[in-house]
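Participant: Input: one structure, supplied below.
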Amino acid sequence: MKSLKWMMGAAVLFVARFAAAEEVRYVPARQYADALVSEIGKASSTVDAFVYLFTLYSDLPDNPTTLVAEALGAAVRRGVRVTVALDQGGGFGGEPAGPAENLAARDFLKARGVDAYLEDDPATLHA
């Protein structure tokens, strides 16, 4: 199995395994949602995501993070094994925003069949 890896502008690393050759690329912040939704849509076996901060706006269905979350759920419905590890603390600038937002994202993803969880060791996802 080869891997496709890319960095999102918001310091999020997604690793997706595909039958295609391995590729690494940087995706600018304003283009990450389209790139992720496209690549998630191509996944045939697994998608593994490691996310520092996953802020959902469920009242805005066309929001980039909501589109990515829905694409992860759609992958599960296609039979792809999707795992999302979320950071359990933090936020930007020392703000304690991460835990509540990542808990909400975990619940949103789990409701769509994604194996989403908070990482036990906060240093794992936030170097």
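Here, A, B, ... name the chains of the structure tokens in the order displayed, residue numbers run from 1 inside each chain, and ligands are numbered from 1 in the same displayed order.
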Contacts of stretch 54-67 of chain A at 10 Å or less, counting only C-alpha atoms, minus same-chain residues fewer than 4 places along, as a PyMOL selection string?

Facilitator: chain A and resi 10+12+30-34+36-37+50+71-73+86-87+97-106+108

Participant: Using Å and a single decimal, report how far atom CA of A:Leu118 sits from atom CA of A:Arg81.

Facilitator: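 Atom-to-atom, atom CA of A:Arg81 to atom CA of A:Leu118, that is 17.5 Å.
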
Participant: Tell me which of A:Lys110, A:Ile40, A:Asp121, A:Val27 sits closest to A:Val68, counting only C-alpha atoms.

Facilitator: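 Of all the options, A:Ile40 lies closest to A:Val68.
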
Participant: Restricting the calculation to only C-alpha atoms: of A:Val84, A:Ala111, A:Ala116, A:Ala35, which residue gets closest to A:Val47?

Facilitator: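 Using only C-alpha atoms, A:Val47 sits closest to A:Val84.
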
Participant: May I ask which of the residues A:Val114, A:Leu109, A:Ala69, A:Leu53 is the closest one to A:Val82, counting only C-alpha atoms?

Facilitator: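 Of all the options, A:Val114 lies closest to A:Val82.
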
Participant: Among the residues of stretch 21-63 of chain A, find those DSSP assigns to helix (DSSP H, G or I) from the backbone and print them as a ChimeraX atom specification.

Facilitator: /A:29-42
